[in-house]
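Engineer: Just one file: entry.cif, with mmCIF, C-alpha atoms.
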data_upload
#
loop_
_atom_site.group_PDB
_atom_site.id
_atom_site.type_symbol
_atom_site.label_atom_id
_atom_site.label_comp_id
_atom_site.auth_asym_id
_atom_site.auth_seq_id
_atom_site.Cartn_x
_atom_site.Cartn_y
_atom_site.Cartn_z
ATOM 1 C CA MET M 4 65.945 252.947 209.491
ATOM 2 C CA LEU M 5 62.896 250.708 209.036
ATOM 3 C CA PHE M 6 61.291 249.303 205.951
ATOM 4 C CA GLN M 7 57.931 250.911 205.187
ATOM 5 C CA LEU M 8 55.486 249.566 207.735
ATOM 6 C CA GLY M 9 52.213 250.669 209.131
ATOM 7 C CA CYS M 10 48.483 250.786 208.816
ATOM 8 C CA GLU M 11 45.823 248.389 207.658
ATOM 9 C CA GLY M 12 44.035 248.545 204.331
ATOM 10 C CA GLY M 13 44.476 247.538 200.711
ATOM 11 C CA ASP M 14 42.388 245.696 198.150
ATOM 12 C CA ASP M 15 44.541 242.640 197.455
ATOM 13 C CA GLY M 16 45.593 240.233 200.185
ATOM 14 C CA ASP M 17 48.724 239.392 198.188
ATOM 15 C CA ASP M 18 49.935 242.997 198.139
ATOM 16 C CA ILE M 19 51.371 245.345 200.716
ATOM 17 C CA PRO M 20 48.347 247.229 202.091
ATOM 18 C CA THR M 21 47.722 250.785 200.935
ATOM 19 C CA CYS M 22 47.760 253.371 203.724
ATOM 20 C CA SER M 23 44.417 254.962 204.504
ATOM 21 C CA GLY M 24 43.925 258.563 205.544
ATOM 22 C CA THR M 25 46.561 261.290 205.653
ATOM 23 C CA PHE M 26 49.515 261.080 208.006
ATOM 24 C CA LYS M 27 50.524 264.167 209.979
ATOM 25 C CA GLY M 28 53.686 264.177 212.081
ATOM 26 C CA CYS M 29 53.046 265.262 215.663
ATOM 27 C CA GLY M 30 56.229 264.213 217.478
ATOM 28 C CA GLY M 31 55.979 263.035 221.078
ATOM 29 C CA ASP M 32 57.985 260.982 223.570
ATOM 30 C CA LEU M 33 59.616 257.971 221.884
ATOM 31 C CA THR M 34 61.224 256.605 225.051
ATOM 32 C CA GLY M 35 60.420 252.940 225.652
ATOM 33 C CA LYS M 36 59.979 249.721 223.700
ATOM 34 C CA TRP M 37 57.540 249.397 220.803
ATOM 35 C CA SER M 38 56.165 246.305 219.068
ATOM 36 C CA ILE M 39 55.670 246.331 215.277
ATOM 37 C CA ASP M 40 52.033 245.901 214.204
ATOM 38 C CA GLY M 41 52.104 246.062 210.392
ATOM 39 C CA LEU M 42 52.956 247.974 207.253
ATOM 40 C CA CYS M 43 51.466 249.972 204.416
ATOM 41 C CA ILE M 44 52.553 252.059 201.454
ATOM 42 C CA GLU M 45 51.213 255.334 200.121
ATOM 43 C CA GLY M 46 50.073 254.510 196.603
ATOM 44 C CA ASP M 47 48.546 251.795 194.431
ATOM 45 C CA MET M 48 50.654 248.628 194.541
ATOM 46 C CA LYS M 49 49.908 247.520 190.972
ATOM 47 C CA SER M 50 50.952 250.891 189.552
ATOM 48 C CA LEU M 51 54.076 250.915 191.690
ATOM 49 C CA MET M 52 55.114 247.472 190.461
ATOM 50 C CA ALA M 53 54.575 248.524 186.847
ATOM 51 C CA ALA M 54 56.762 251.559 187.538
ATOM 52 C CA ALA M 55 59.401 249.265 189.060
ATOM 53 C CA ALA M 56 59.466 247.191 185.867
ATOM 54 C CA SER M 57 59.893 250.373 183.841
ATOM 55 C CA SER M 58 62.723 251.609 186.079
ATOM 56 C CA GLU M 59 64.594 248.340 185.493
ATOM 57 C CA ASP M 60 64.603 249.100 181.734
ATOM 58 C CA LEU M 61 62.595 245.977 181.014
ATOM 59 C CA PRO M 62 61.088 245.692 177.519
ATOM 60 C CA PRO M 63 57.331 246.341 177.084
ATOM 61 C CA GLU M 64 56.784 242.587 176.767
ATOM 62 C CA CYS M 65 57.745 242.320 180.458
ATOM 63 C CA SER M 66 55.355 245.013 181.727
ATOM 64 C CA ASP M 67 53.398 242.442 183.755
ATOM 65 C CA LEU M 68 56.464 240.573 185.034
ATOM 66 C CA PHE M 69 55.863 241.653 188.652
ATOM 67 C CA GLN M 70 52.483 240.378 189.832
ATOM 68 C CA SER M 71 52.353 241.163 193.551
ATOM 69 C CA MET M 72 54.473 241.663 196.644
ATOM 70 C CA SER M 73 53.840 241.137 200.340
ATOM 71 C CA VAL M 74 55.969 241.899 203.383
ATOM 72 C CA GLU M 75 55.585 240.612 206.919
ATOM 73 C CA MET M 76 57.570 242.115 209.771
ATOM 74 C CA SER M 77 57.642 241.398 213.467
ATOM 75 C CA GLY M 78 59.812 242.445 216.351
ATOM 76 C CA THR M 79 60.529 245.457 218.500
ATOM 77 C CA ILE M 80 62.066 248.919 218.339
ATOM 78 C CA GLU M 81 63.350 250.500 221.548
ATOM 79 C CA TYR M 82 64.371 254.105 222.142
ATOM 80 C CA ALA M 83 66.638 254.489 225.157
ATOM 81 C CA ASN M 84 69.615 256.665 226.121
ATOM 82 C CA GLY M 85 69.798 258.267 222.687
ATOM 83 C CA ASN M 86 69.816 254.926 220.853
ATOM 84 C CA GLN M 87 67.337 253.223 218.544
ATOM 85 C CA ILE M 88 67.583 249.476 219.235
ATOM 86 C CA SER M 89 65.853 247.265 216.680
ATOM 87 C CA ASP M 90 65.245 243.513 216.686
ATOM 88 C CA VAL M 91 63.252 242.745 213.540
ATOM 89 C CA SER M 92 62.358 239.669 211.477
ATOM 90 C CA THR M 93 61.280 240.174 207.864
ATOM 91 C CA THR M 94 59.708 237.939 205.221
ATOM 92 C CA MET M 95 59.156 239.342 201.725
ATOM 93 C CA SER M 96 57.367 237.451 198.939
ATOM 94 C CA ILE M 97 57.334 238.602 195.311
ATOM 95 C CA LYS M 98 55.190 236.880 192.690
ATOM 96 C CA PHE M 99 56.216 237.257 189.070
ATOM 97 C CA LYS M 100 55.324 235.782 185.689
ATOM 98 C CA TYR M 101 57.818 235.023 182.917
ATOM 99 C CA THR M 102 56.281 234.614 179.452
ATOM 100 C CA SER M 103 57.852 233.506 176.182
ATOM 101 C CA ALA M 104 57.476 237.066 174.872
ATOM 102 C CA CYS M 105 59.240 238.594 177.882
ATOM 103 C CA LEU M 106 62.079 236.072 177.866
ATOM 104 C CA SER M 107 62.602 236.477 174.107
ATOM 105 C CA ALA M 108 62.590 240.276 174.325
ATOM 106 C CA GLN M 109 65.158 240.230 177.134
ATOM 107 C CA SER M 110 67.508 237.768 175.437
ATOM 108 C CA GLY M 111 67.095 238.964 171.864
ATOM 109 C CA LEU M 112 66.402 235.360 170.860
ATOM 110 C CA SER M 113 63.230 233.467 170.077
ATOM 111 C CA ILE M 114 62.678 231.395 173.224
ATOM 112 C CA LYS M 115 59.582 229.371 174.014
ATOM 113 C CA MET M 116 58.755 229.034 177.690
ATOM 114 C CA THR M 117 58.575 225.351 178.596
ATOM 115 C CA GLN M 118 58.578 223.278 181.766
ATOM 116 C CA SER M 119 62.331 222.665 181.454
ATOM 117 C CA VAL M 120 63.087 226.380 180.946
ATOM 118 C CA CYS M 121 60.952 227.224 183.979
ATOM 119 C CA ASP M 122 62.678 224.543 186.082
ATOM 120 C CA ALA M 123 66.097 225.840 185.018
ATOM 121 C CA PHE M 124 65.140 229.384 186.016
ATOM 122 C CA GLU M 125 64.000 228.199 189.461
ATOM 123 C CA SER M 126 67.219 226.236 189.965
ATOM 124 C CA THR M 127 69.410 229.178 188.916
ATOM 125 C CA VAL M 128 67.765 231.629 191.317
ATOM 126 C CA ASN M 129 67.914 229.190 194.237
ATOM 127 C CA SER M 130 71.592 228.422 193.622
ATOM 128 C CA ASN M 131 72.511 232.116 193.716
ATOM 129 C CA GLY M 132 71.051 232.587 197.194
ATOM 130 C CA GLY M 133 71.145 235.919 199.008
ATOM 131 C CA ASP M 134 73.570 238.019 201.037
ATOM 132 C CA ASP M 135 71.834 239.032 204.254
ATOM 133 C CA MET M 136 68.551 237.204 203.709
ATOM 134 C CA LYS M 137 67.594 233.591 203.003
ATOM 135 C CA LEU M 138 66.276 233.352 199.443
ATOM 136 C CA THR M 139 64.066 230.619 197.975
ATOM 137 C CA THR M 140 62.112 230.437 194.722
ATOM 138 C CA SER M 141 59.224 228.165 193.796
ATOM 139 C CA CYS M 142 57.983 228.083 190.175
ATOM 140 C CA SER M 143 55.153 226.355 188.340
ATOM 141 C CA PHE M 144 54.595 226.167 184.597
ATOM 142 C CA SER M 145 51.399 226.537 182.595
ATOM 143 C CA THR M 146 51.739 228.725 179.503
ATOM 144 C CA SER M 147 54.111 230.924 181.495
ATOM 145 C CA CYS M 148 56.560 230.424 184.340
ATOM 146 C CA ASN M 149 54.840 231.616 187.520
ATOM 147 C CA CYS M 150 57.224 232.054 190.425
ATOM 148 C CA THR M 151 57.194 233.146 194.039
ATOM 149 C CA LEU M 152 60.463 234.548 195.356
ATOM 150 C CA THR M 153 60.663 234.551 199.158
ATOM 151 C CA MET M 154 63.327 236.370 201.156
ATOM 152 C CA SER M 155 63.518 236.132 204.927
ATOM 153 C CA GLY M 156 65.948 237.422 207.495
ATOM 154 C CA HIS M 157 66.490 238.726 211.000
ATOM 155 C CA SER M 158 68.371 241.881 211.938
ATOM 156 C CA GLN M 159 69.503 243.491 215.169
ATOM 157 C CA GLU M 160 70.876 247.016 215.201
ATOM 158 C CA THR M 161 71.704 249.751 217.670
ATOM 159 C CA ILE M 162 72.127 253.255 216.267
ATOM 160 C CA GLY M 163 72.027 256.736 217.742
ATOM 161 C CA TYR M 164 69.151 259.092 217.002
ATOM 162 C CA THR M 165 67.998 262.666 217.544
ATOM 163 C CA VAL M 166 64.574 264.310 217.435
ATOM 164 C CA ASN M 167 63.669 267.767 216.152
ATOM 165 C CA GLY M 168 59.947 268.407 216.456
ATOM 166 C CA SER M 169 58.303 265.528 214.585
ATOM 167 C CA ILE M 170 61.458 264.571 212.641
ATOM 168 C CA LEU M 171 63.422 261.506 213.759
ATOM 169 C CA THR M 172 67.008 261.350 212.444
ATOM 170 C CA THR M 173 69.304 258.365 212.952
ATOM 171 C CA ASP M 174 73.088 258.686 212.961
ATOM 172 C CA ASP M 175 73.332 257.283 209.427
ATOM 173 C CA GLY M 176 71.530 260.413 208.189
ATOM 174 C CA LYS M 177 68.128 258.831 207.530
ATOM 175 C CA LYS M 178 65.095 260.919 208.440
ATOM 176 C CA ALA M 179 61.460 260.072 209.149
ATOM 177 C CA GLU M 180 58.354 261.812 210.421
ATOM 178 C CA TYR M 181 56.662 260.334 213.462
ATOM 179 C CA CYS M 182 53.650 260.742 215.710
ATOM 180 C CA VAL M 183 53.031 259.307 219.178
ATOM 181 C CA SER M 184 49.351 259.065 220.105
ATOM 182 C CA GLY M 185 48.721 257.389 223.453
ATOM 183 C CA LYS M 186 50.319 253.940 223.266
ATOM 184 C CA ASN M 187 50.559 254.054 219.464
ATOM 185 C CA LEU M 188 53.458 255.197 217.292
ATOM 186 C CA THR M 189 53.417 255.821 213.537
ATOM 187 C CA ILE M 190 56.641 256.434 211.610
ATOM 188 C CA ARG M 191 56.507 257.684 208.014
ATOM 189 C CA GLU M 192 59.515 257.218 205.736
ATOM 190 C CA GLN M 193 60.204 258.205 202.140
ATOM 191 C CA SER M 194 62.385 255.612 200.404
ATOM 192 C CA ASP M 195 65.116 256.624 197.969
ATOM 193 C CA ASP M 196 63.583 254.902 194.946
ATOM 194 C CA GLY M 197 60.016 254.062 195.898
ATOM 195 C CA PRO M 198 56.860 255.227 197.637
ATOM 196 C CA ALA M 199 56.536 256.564 201.146
ATOM 197 C CA GLY M 200 55.612 253.979 203.741
ATOM 198 C CA GLN M 201 54.371 253.946 207.297
ATOM 199 C CA THR M 202 55.271 251.867 210.331
ATOM 200 C CA LYS M 203 52.650 251.409 213.020
ATOM 201 C CA LEU M 204 53.744 250.165 216.430
ATOM 202 C CA HIS M 205 52.324 249.996 219.940
ATOM 203 C CA ARG M 206 54.167 250.672 223.191
ATOM 204 C CA ILE M 207 54.924 247.611 225.311
ATOM 205 C CA SER M 208 57.067 249.363 227.920
ATOM 206 C CA SER M 209 57.963 252.884 228.950
ATOM 207 C CA GLY M 210 61.415 253.193 230.457
ATOM 208 C CA HIS M 211 61.838 250.315 232.919
ATOM 209 C CA MET M 212 58.138 249.971 233.762
ATOM 210 C CA LYS M 213 55.983 247.644 231.653
ATOM 211 C CA GLU M 214 52.622 249.155 230.820
ATOM 212 C CA SER M 215 49.406 247.186 231.109
ATOM 213 C CA GLU M 216 47.704 246.375 227.796
#
Kindly return the structure encoded in the file as structure tokens.
Structural biologist:
Amino acid sequence: MLFQLGCEGGDDGDDIPTCSGTFKGCGGDLTGKWSIDGLCIEGDMKSLMAAAASSEDLPPECSDLFQSMSVEMSGTIEYANGNQISDVSTTMSIKFKYTSACLSAQSGLSIKMTQSVCDAFESTVNSNGGDDMKLTTSCSFSTSCNCTLTMSGHSQETIGYTVNGSILTTDDGKKAEYCVSGKNLTIREQSDDGPAGQTKLHRISSGHMKESE
């Protein structure tokens, strides 16, 4: 469906904002075209990134590998004739820090982080590239290798959907809660291996008639 998007908030400008308040699905008429406003997650970003490191079976020396993550999305979602039509651009940036201790623990060897090791890591990641998204990495060395991994891409998709109360289900089996309030739409999704997230959008047209802002 959509990546977790939604409301404003959060303590760190480098992180995905934390959702404020409590979401309650209320349903409503989805028909029309909606513009994406932003995103948020339900939970503390720092704790979630530490949990992500743990889930990847990283050694304790790598507990602070993931430093922060931000996601920017723009585009539109349209609901018409039983189809969800999305046209979305996404840019995701992940900051991480490789230390000598982390690298040594992962490799089982005693490795000292140096400028050349950091440069080699940057070159390796950039040469691998990505599948559906453009991937670039920029690293700088001090006592550790501090890198920013940026992934960007654009997707267009048309998929059927049904609504039952406040539950939106797309034909691929994914479900989300939603609430239409005036010209605003909030969609709440629970990811398979992460926190719930919210998408906040505003209506830019209803059927074939464009609404005034």
Engineer: Separation of CA of Ile207 (chain M) and CA of Gly24 (chain M), in Å?
Structural biologist: 25.1 Å
Engineer: Would you translate the PyMOL selection byres ((chain M and resi 100) around 10) into the concrete set of residues it matches in this file, as a PyMOL selection string?
Structural biologist: chain M and resi 65+67-71+98-99+101-102+105+142-144+147-151
Engineer: Determine the residue membership of the PyMOL selection byres ((chain M and resi 153) around 6) for the file above and supply it as JSON, numbers by chain.
Structural biologist: {"M": [95, 96, 138, 139, 152, 154]}
Engineer: Write the residues of the preceding selection, restricted to C-alpha atoms, as a short mmCIF file (atom, residue, chain, number, x, y, z; two decimals), in the coordinates of the input.
Structural biologist:
data_model
loop_
_atom_site.label_atom_id
_atom_site.label_comp_id
_atom_site.auth_asym_id
_atom_site.auth_seq_id
_atom_site.Cartn_x
_atom_site.Cartn_y
_atom_site.Cartn_z
CA MET M 95 59.16 239.34 201.72
CA SER M 96 57.37 237.45 198.94
CA LEU M 138 66.28 233.35 199.44
CA THR M 139 64.07 230.62 197.98
CA LEU M 152 60.46 234.55 195.36
CA MET M 154 63.33 236.37 201.16
#
Engineer: Could you check the closest approach to Glu180 (chain M) for each of M:Ser208, M:Phe26, M:Gly156, M:Glu81 and tell me which residue wins, using all atoms listed in the file?
Structural biologist: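 Among M:Ser208, M:Phe26, M:Gly156, M:Glu81, it is M:Phe26 that comes nearest to Glu180 (chain M).
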Engineer: So what do you get for CA of Ser77 (chain M) versus CA of Thr202 (chain M), distance-wise?
Structural biologist: 11.2 Å
Engineer: Applied to the shown file, which residues does the PyMOL selection byres ((chain M and resi 88) around 8) return, written as a list in words?
Structural biologist: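 On this input, the PyMOL selection byres ((chain M and resi 88) around 8) captures Ile80, Glu81, Tyr82, Ala83, Asn86, Gln87, Ser89, Asp90, Gln159, Glu160, Thr161 and Ile162 of chain M.
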Engineer: Considering all atoms listed in the file, state which residue in the set M:Ile39, M:Cys22, M:Lys137, M:Ser145 is at the smallest distance from Cys121 (chain M).
Structural biologist: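 For Cys121 (chain M), the nearest of the given residues is M:Ser145.
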Engineer: So how many Å separate CA of Lys178 (chain M) and CA of Glu75 (chain M), to one decimal?
Structural biologist: 22.5 Å
Engineer: From the list M:Leu106, M:Ile44, M:Leu33, M:Ile19, which residue is nearest Ser194 (chain M) when using only C-alpha atoms?
Structural biologist: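 With only C-alpha atoms as the atom set, the closest residue is M:Ile44.
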Engineer: Quick one: of M:Gly85, M:Pro62, M:Gly111, M:Gly30, who's nearest to Ala179 (chain M), counting all atoms listed in the file?
Structural biologist: M:Gly30
Engineer: List every protein, DNA or RNA residue that has at least one atom no more than 7 Å from (64.1, 243.0, 208.2) in the file's coordinates, counting only C-alpha atoms, and write the result as a PDB file with C-alpha atoms, in the frame of the given file.
Structural biologist:
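Below is the file that was written, result14.pdb:
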ATOM      1  CA  MET M  76      57.570 242.115 209.771  1.00  0.00           C
ATOM      2  CA  VAL M  91      63.252 242.745 213.540  1.00  0.00           C
ATOM      3  CA  SER M  92      62.358 239.669 211.477  1.00  0.00           C
ATOM      4  CA  THR M  93      61.280 240.174 207.864  1.00  0.00           C
ATOM      5  CA  GLY M 156      65.948 237.422 207.495  1.00  0.00           C
ATOM      6  CA  HIS M 157      66.490 238.726 211.000  1.00  0.00           C
ATOM      7  CA  SER M 158      68.371 241.881 211.938  1.00  0.00           C
TER       8      SER M 158
END
Engineer: From the set M:Ser130, M:Tyr181, M:Thr189, M:His205, which residue has the shortest atom-to-atom contact distance to Gly28 (chain M), counting only C-alpha atoms?
Structural biologist: M:Tyr181
Engineer: Considering only C-alpha atoms, can you say which of M:Cys29, M:Leu204, M:Val183, M:Thr146 comes closest to Val120 (chain M)?
Structural biologist: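 Nearest to Val120 (chain M): M:Thr146.
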